[in-house]
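The file protein.txt comes next; it holds compact mmCIF, C-alpha atoms and all ligand atoms.
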# COMPACT_ATOMS: atom_id res chain seq x y z
CA MET A 100 -9.72 -2.40 -32.84
CA SER A 101 -8.69 -5.34 -30.69
CA ASN A 102 -10.71 -5.97 -27.59
CA LYS A 103 -8.43 -8.31 -25.72
CA LEU A 104 -9.61 -9.07 -22.20
CA LEU A 105 -7.48 -9.19 -19.09
CA LYS A 106 -9.11 -11.69 -16.73
CA VAL A 107 -8.02 -11.98 -13.12
CA SER A 108 -9.69 -14.98 -11.50
CA ASN A 109 -9.83 -15.78 -7.79
CA LEU A 110 -6.40 -14.30 -7.21
CA THR A 111 -5.13 -15.01 -3.70
CA VAL A 112 -1.73 -14.00 -2.33
CA GLU A 113 -0.26 -14.74 1.08
CA PHE A 114 2.86 -13.40 2.76
CA PHE A 115 4.09 -15.70 5.53
CA LYS A 116 0.65 -17.37 5.76
CA LYS A 117 -1.08 -13.99 6.14
CA VAL A 118 -3.60 -13.22 3.39
CA ALA A 119 -2.69 -10.06 1.43
CA LEU A 120 -5.12 -10.55 -1.47
CA GLU A 121 -8.25 -12.63 -1.16
CA ASP A 122 -10.09 -14.09 -4.11
CA ILE A 123 -9.83 -11.13 -6.47
CA THR A 124 -11.75 -11.46 -9.71
CA LEU A 125 -11.70 -8.73 -12.37
CA GLU A 126 -12.53 -8.63 -16.06
CA LEU A 127 -10.83 -5.71 -17.74
CA PRO A 128 -11.15 -4.66 -21.38
CA PRO A 129 -8.73 -2.13 -22.90
CA GLY A 130 -9.07 1.25 -21.18
CA VAL A 131 -8.06 2.82 -17.89
CA HIS A 132 -9.07 1.10 -14.66
CA ALA A 133 -8.42 2.57 -11.22
CA ILE A 134 -7.70 0.55 -8.08
CA LEU A 135 -8.37 2.86 -5.15
CA GLY A 136 -7.57 1.94 -1.56
CA PRO A 137 -5.95 3.13 1.65
CA ASN A 138 -2.44 2.23 2.80
CA SER A 139 -1.77 -1.46 3.09
CA SER A 140 -5.01 -2.46 1.34
CA GLY A 141 -3.17 -4.55 -1.28
CA LYS A 142 -2.87 -2.26 -4.32
CA SER A 143 0.82 -2.87 -5.04
CA THR A 144 0.44 -6.55 -4.24
CA LEU A 145 -2.41 -6.82 -6.76
CA LEU A 146 -0.41 -5.12 -9.53
CA LYS A 147 2.67 -7.22 -8.80
CA ALA A 148 0.59 -10.40 -8.79
CA ILE A 149 -0.95 -9.49 -12.15
CA ALA A 150 2.57 -8.96 -13.50
CA SER A 151 3.67 -12.29 -11.96
CA LEU A 152 6.39 -10.55 -9.96
CA ILE A 153 5.33 -12.34 -6.78
CA PRO A 154 4.10 -15.89 -6.20
CA ILE A 155 0.36 -16.38 -6.09
CA LYS A 156 -1.31 -18.91 -3.84
CA LYS A 157 -4.43 -19.40 -5.93
CA GLY A 158 -6.06 -18.10 -9.07
CA GLU A 159 -4.82 -16.99 -12.45
CA VAL A 160 -4.30 -14.03 -14.74
CA ILE A 161 -5.26 -14.53 -18.35
CA TYR A 162 -4.71 -12.04 -21.16
CA ASP A 163 -6.30 -12.75 -24.51
CA GLY A 164 -6.59 -16.41 -23.54
CA ILE A 165 -2.94 -16.70 -22.43
CA SER A 166 -1.93 -17.38 -18.80
CA ILE A 167 0.57 -14.65 -17.94
CA SER A 168 2.26 -16.57 -15.12
CA LYS A 169 2.99 -19.49 -17.42
CA LEU A 170 4.91 -17.34 -19.91
CA PRO A 171 8.70 -17.20 -19.85
CA PRO A 172 9.92 -13.92 -18.28
CA LYS A 173 10.97 -12.35 -21.59
CA LYS A 174 7.58 -12.99 -23.20
CA ARG A 175 5.84 -11.74 -20.06
CA ALA A 176 7.82 -8.50 -20.16
CA GLN A 177 6.59 -7.96 -23.71
CA ILE A 178 2.97 -8.15 -22.56
CA VAL A 179 2.86 -6.53 -19.14
CA GLY A 180 4.77 -3.58 -17.74
CA TYR A 181 4.68 -2.88 -13.98
CA CYS A 182 5.84 0.62 -12.97
CA TRP A 183 7.13 0.64 -9.39
CA GLN A 184 5.62 2.67 -6.58
CA ASN A 185 9.19 3.33 -5.42
CA PRO A 186 10.94 4.27 -8.67
CA TYR A 187 14.45 3.58 -7.35
CA GLN A 188 13.46 -0.06 -6.70
CA GLY A 189 13.47 -0.85 -10.40
CA PHE A 190 16.83 0.76 -11.24
CA PHE A 191 20.06 -1.16 -11.60
CA GLU A 192 22.01 0.52 -14.41
CA ASP A 193 24.35 3.48 -13.97
CA SER A 194 22.81 5.72 -16.62
CA VAL A 195 19.27 6.54 -17.67
CA LYS A 196 20.18 5.65 -21.26
CA ARG A 197 21.28 2.15 -20.23
CA GLU A 198 18.19 1.77 -18.03
CA ILE A 199 15.98 2.48 -21.07
CA GLU A 200 18.05 0.28 -23.36
CA PHE A 201 17.86 -2.67 -20.98
CA ILE A 202 14.14 -3.32 -21.42
CA LEU A 203 14.32 -2.76 -25.16
CA LYS A 204 17.03 -5.41 -25.44
CA ASN A 205 15.17 -7.69 -23.07
CA THR A 206 11.89 -7.50 -25.01
CA ASN A 207 13.23 -7.02 -28.57
CA ALA A 208 11.14 -3.86 -28.69
CA LYS A 209 11.69 -0.64 -30.59
CA ALA A 210 11.63 2.43 -28.34
CA SER A 211 8.34 4.27 -28.24
CA GLU A 212 9.50 7.81 -29.08
CA GLU A 213 6.13 9.20 -27.97
CA VAL A 214 6.65 7.79 -24.45
CA LEU A 215 10.14 9.28 -24.21
CA GLU A 216 8.85 12.63 -25.38
CA ILE A 217 5.75 12.69 -23.15
CA LEU A 218 7.84 11.84 -20.08
CA GLY A 219 10.64 14.21 -21.12
CA VAL A 220 13.41 11.80 -20.23
CA ASN A 221 15.70 12.50 -23.20
CA LYS A 222 17.36 15.34 -21.31
CA LEU A 223 18.27 12.97 -18.46
CA TYR A 224 20.01 10.26 -20.54
CA GLU A 225 23.52 10.72 -19.18
CA LYS A 226 22.46 10.95 -15.51
CA ASN A 227 22.79 8.21 -12.92
CA PRO A 228 19.22 7.01 -12.14
CA PHE A 229 20.03 6.67 -8.43
CA ARG A 230 20.97 10.36 -8.26
CA LEU A 231 17.79 11.71 -9.83
CA SER A 232 15.29 13.79 -7.88
CA GLY A 233 12.09 12.02 -6.83
CA GLY A 234 10.03 13.42 -9.72
CA GLU A 235 12.77 12.79 -12.31
CA ALA A 236 13.22 9.26 -11.00
CA ARG A 237 9.51 8.54 -11.38
CA ARG A 238 9.47 9.76 -14.99
CA VAL A 239 12.53 7.67 -15.82
CA SER A 240 11.20 4.66 -13.97
CA ILE A 241 7.90 4.75 -15.87
CA ALA A 242 9.66 5.41 -19.19
CA SER A 243 12.11 2.55 -18.61
CA ILE A 244 9.18 0.13 -18.55
CA VAL A 245 6.50 1.48 -20.88
CA VAL A 246 9.00 2.46 -23.61
CA ALA A 247 8.64 -1.19 -24.70
CA ASP A 248 5.01 -0.57 -25.69
CA GLN A 249 3.38 -3.45 -23.76
CA PRO A 250 -0.40 -3.88 -24.20
CA ILE A 251 -0.91 -4.05 -20.40
CA ILE A 252 0.46 -1.22 -18.26
CA LEU A 253 0.34 -1.23 -14.45
CA LEU A 254 1.00 2.15 -12.83
CA ASP A 255 1.59 2.17 -9.08
CA GLU A 256 0.82 5.62 -7.60
CA PRO A 257 2.26 7.47 -10.61
CA PHE A 258 1.47 10.98 -9.28
CA ASN A 259 3.69 10.62 -6.20
CA ASP A 260 6.58 13.14 -6.21
CA MET A 261 5.32 14.88 -9.35
CA ASP A 262 5.15 18.64 -9.98
CA LEU A 263 2.69 20.25 -12.39
CA ASP A 264 4.63 19.17 -15.48
CA GLY A 265 4.82 15.68 -14.02
CA TYR A 266 1.05 15.55 -13.47
CA LEU A 267 0.46 16.71 -17.03
CA SER A 268 2.88 14.13 -18.41
CA ILE A 269 0.94 11.33 -16.66
CA VAL A 270 -2.36 12.70 -17.99
CA ASN A 271 -0.86 12.85 -21.52
CA LEU A 272 0.58 9.37 -21.14
CA LEU A 273 -2.84 8.01 -20.19
CA SER A 274 -4.46 9.55 -23.24
CA PHE A 275 -1.65 8.11 -25.40
CA PHE A 276 -2.32 4.69 -23.86
CA ARG A 277 -6.04 5.04 -24.54
CA LYS A 278 -5.38 5.84 -28.21
CA ARG A 279 -3.14 2.76 -28.41
CA ASN A 280 -5.99 0.67 -26.95
CA LYS A 281 -3.89 -0.52 -24.01
CA THR A 282 -5.25 -1.99 -20.78
CA VAL A 283 -4.05 0.28 -18.00
CA ILE A 284 -4.48 -0.34 -14.28
CA ILE A 285 -3.59 2.53 -12.04
CA ALA A 286 -3.25 2.15 -8.26
CA LEU A 287 -4.16 5.24 -6.23
CA ASN A 288 -4.75 6.05 -2.60
CA ASN A 289 -5.88 9.62 -3.27
CA SER A 290 -9.40 10.03 -4.66
CA MET A 291 -8.50 13.49 -6.02
CA HIS A 292 -6.21 11.88 -8.57
CA LEU A 293 -9.20 10.08 -10.05
CA ASN A 294 -10.38 13.33 -11.64
CA LEU A 295 -7.13 13.54 -13.58
CA VAL A 296 -7.18 9.91 -14.58
CA LYS A 297 -10.86 9.80 -15.62
CA PRO A 298 -10.94 6.00 -15.34
CA ASP A 299 -13.54 3.86 -17.06
CA ASP A 300 -14.21 2.19 -13.74
CA VAL A 301 -13.06 2.32 -10.14
CA PHE A 302 -12.40 -0.71 -7.96
CA VAL A 303 -12.12 0.01 -4.25
CA ILE A 304 -9.78 -2.37 -2.47
CA TYR A 305 -9.73 -2.82 1.28
CA SER A 306 -7.95 -5.38 3.38
CA GLY A 307 -7.00 -7.41 0.31
CA ARG A 308 -10.50 -7.62 -1.11
CA ILE A 309 -12.35 -5.68 -3.82
CA VAL A 310 -15.21 -4.14 -1.85
CA GLU A 311 -16.77 -1.85 -4.49
CA LYS A 312 -16.87 -1.66 -8.26
CA THR A 313 -18.08 1.76 -9.28
CA THR A 314 -17.44 4.74 -11.57
CA LEU A 315 -15.89 8.15 -11.03
CA ARG A 316 -19.35 9.70 -11.23
CA GLU A 317 -20.95 7.32 -8.76
CA LEU A 318 -18.18 7.11 -6.22
CA ASN A 319 -19.22 9.04 -3.14
CA ASP A 320 -17.64 10.28 0.06
CA ASP A 321 -19.51 7.76 2.22
CA VAL A 322 -17.71 4.93 0.47
CA LEU A 323 -14.37 6.76 0.71
CA GLU A 324 -14.83 7.42 4.42
CA LYS A 325 -15.94 3.86 5.12
CA TYR A 326 -12.71 2.55 3.65
CA ASN A 327 -10.36 5.15 5.11
CA ILE A 328 -9.69 6.93 1.80
CA VAL A 329 -9.29 10.71 1.87
CA THR A 330 -12.69 12.20 1.05
CA ARG A 331 -13.27 14.93 -1.55
CA LYS A 332 -15.21 16.89 1.09
CA LEU A 333 -12.11 17.09 3.29
CA ILE A 334 -9.96 18.36 0.42
CA LEU A 335 -12.52 20.91 -0.75
CA GLU A 336 -13.24 22.19 2.77
CA SER A 337 -9.52 22.61 3.42
CA ALA A 338 -9.29 24.73 0.26
CA CYS A 339 -11.86 27.27 1.51
N1 LIG B 1 7.02 -8.73 0.37
C1 LIG B 1 6.18 -8.68 1.38
N2 LIG B 1 6.34 -9.45 2.48
C2 LIG B 1 5.47 -9.43 3.51
N3 LIG B 1 4.35 -8.65 3.54
C3 LIG B 1 4.14 -7.85 2.49
C4 LIG B 1 5.03 -7.82 1.36
N4 LIG B 1 4.53 -6.93 0.45
C5 LIG B 1 3.41 -6.43 1.00
N5 LIG B 1 3.16 -6.98 2.20
C6 LIG B 1 2.00 -6.70 3.06
O1 LIG B 1 0.82 -6.83 2.28
C7 LIG B 1 -0.13 -5.82 2.64
C8 LIG B 1 -0.49 -5.00 1.41
O2 LIG B 1 0.66 -4.27 0.98
P1 LIG B 1 0.63 -3.39 -0.33
O3 LIG B 1 2.02 -2.88 -0.52
O4 LIG B 1 0.03 -4.16 -1.43
O5 LIG B 1 -0.35 -2.19 0.09
P2 LIG B 1 -0.76 -0.88 -0.70
O6 LIG B 1 -2.24 -0.85 -0.78
O7 LIG B 1 0.00 -0.79 -1.98
O8 LIG B 1 -0.28 0.25 0.35
P3 LIG B 1 0.30 1.74 0.20
O9 LIG B 1 -0.83 2.65 -0.21
O10 LIG B 1 0.75 2.03 1.60
O11 LIG B 1 1.42 1.71 -0.80
C9 LIG B 1 0.52 -5.00 3.74
O12 LIG B 1 0.07 -5.49 4.99
C10 LIG B 1 2.01 -5.28 3.57
O13 LIG B 1 2.71 -5.17 4.79

Take the structure in the file and write it out as structure tokens.
Amino acid sequence: MSNKLLKVSNLTVEFFKKVALEDITLELPPGVHAILGPNSSGKSTLLKAIASLIPIKKGEVIYDGISISKLPPKKRAQIVGYCWQNPYQGFFEDSVKREIEFILKNTNAKASEEVLEILGVNKLYEKNPFRLSGGEARRVSIASIVVADQPIILLDEPFNDMDLDGYLSIVNLLSFFRKRNKTVIIALNNSMHLNLVKPDDVFVIYSGRIVEKTTLRELNDDVLEKYNIVTRKLILESAC
């Protein structure tokens, strides 16, 4: 099995001279990696910077020895798939079918039937993506990226808007990605979702910096509280 590394080195991003990401360095083998942080900590910015969707001030992102930002857009889209936090942001076609076909044409990829089945989007093909419900839109949005079978998948808050079936489809998608030896980064602001994701490691981000590298088992409520992330204690107490 390939063990291609995704290396993020000294990544720094600024918006209007204000630092949004500061000197982020990560070394990620294939597997599932969680980025956990409160609102405005830089999770989406980090994923977008890794996908080269926004300009970076400093640093680089290397996958298997290749600098992602130096690739032409088409080649980049074959390697890295960023799934939007706001699903409607990535839509521009007038049918789900055309939305799915767009990336396949753009990347010369064959549709991953497993992805379409796991996310259950086949039934939505004729619908207008902009008129989907929140949960439907998220499934379609994720499918319309990862259907191209990229080795790096970036999921931005994928559980938002989802019902039980939606949660299970994300869990099944993650195990499909694991079997395919992909490198998955999943941005979360809710620590409870970590139990579903079962990540190999957890990076806590706060104020644009990685402040902890830990595991699901070792992550504790003190760390969550310190960085303004909903604690497990709060959730469990509320359930009693
Ligand atoms: N395009 C942009 N222009 C200016 N500032 C931006 C832009 N995108 C993000 N920011 C700022 O960068 C910081 C980090 O934003 P980001 O969206 O990465 O946070 P996040 O951790 O994903 O938050 P949330 O959990 O609320 O989605 C915020 O202060 C945000 O206002």

- Task: Quick one: everything within 10 Å of Asn259 of chain A, counting only C-alpha atoms, minus sequence neighbours fewer than 6 positions away in the same chain. Send it as a list in words.
- Result: Gln184, Asn185, Pro186, Gly233, Gly234, Arg237, Gly265, Tyr266 and Leu287 of chain A

Padded axis-aligned box of segment 112-127 of chain A (4 Å per side), centre and edge lengths, Å, one decimal, as AutoDock Vina command-line options:
--center_x -4.2 --center_y -11.5 --center_z -5.8 --size_x 24.6 --size_y 19.7 --size_z 31.9

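Proximal residues of ligand LIG 1 (chain B) are Phe114, Phe115, Ala119, Gly136, Pro137, Asn138, Ser139, Ser140, Gly141, Lys142, Ser143, Thr144, Leu145 and Asn288 of chain A, by a cut-off of 7 Å on all atoms listed in the file.
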
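Picture a line from atom CA of Gly180 of chain A to atom CA of Ser168 of chain A; it runs 13.5 Å.
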
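Each of A:Leu104, A:Ala208, A:Val195, A:Ile285 was checked against Phe229 of chain A using all atoms listed in the file; the smallest atom-to-atom distance is that of A:Val195.
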
- Query: What is the distance, in Å and to one decimal place, between atom CA of Phe276 of chain A and atom CA of Ala210 of chain A?
  - Reply: 14.8 Å
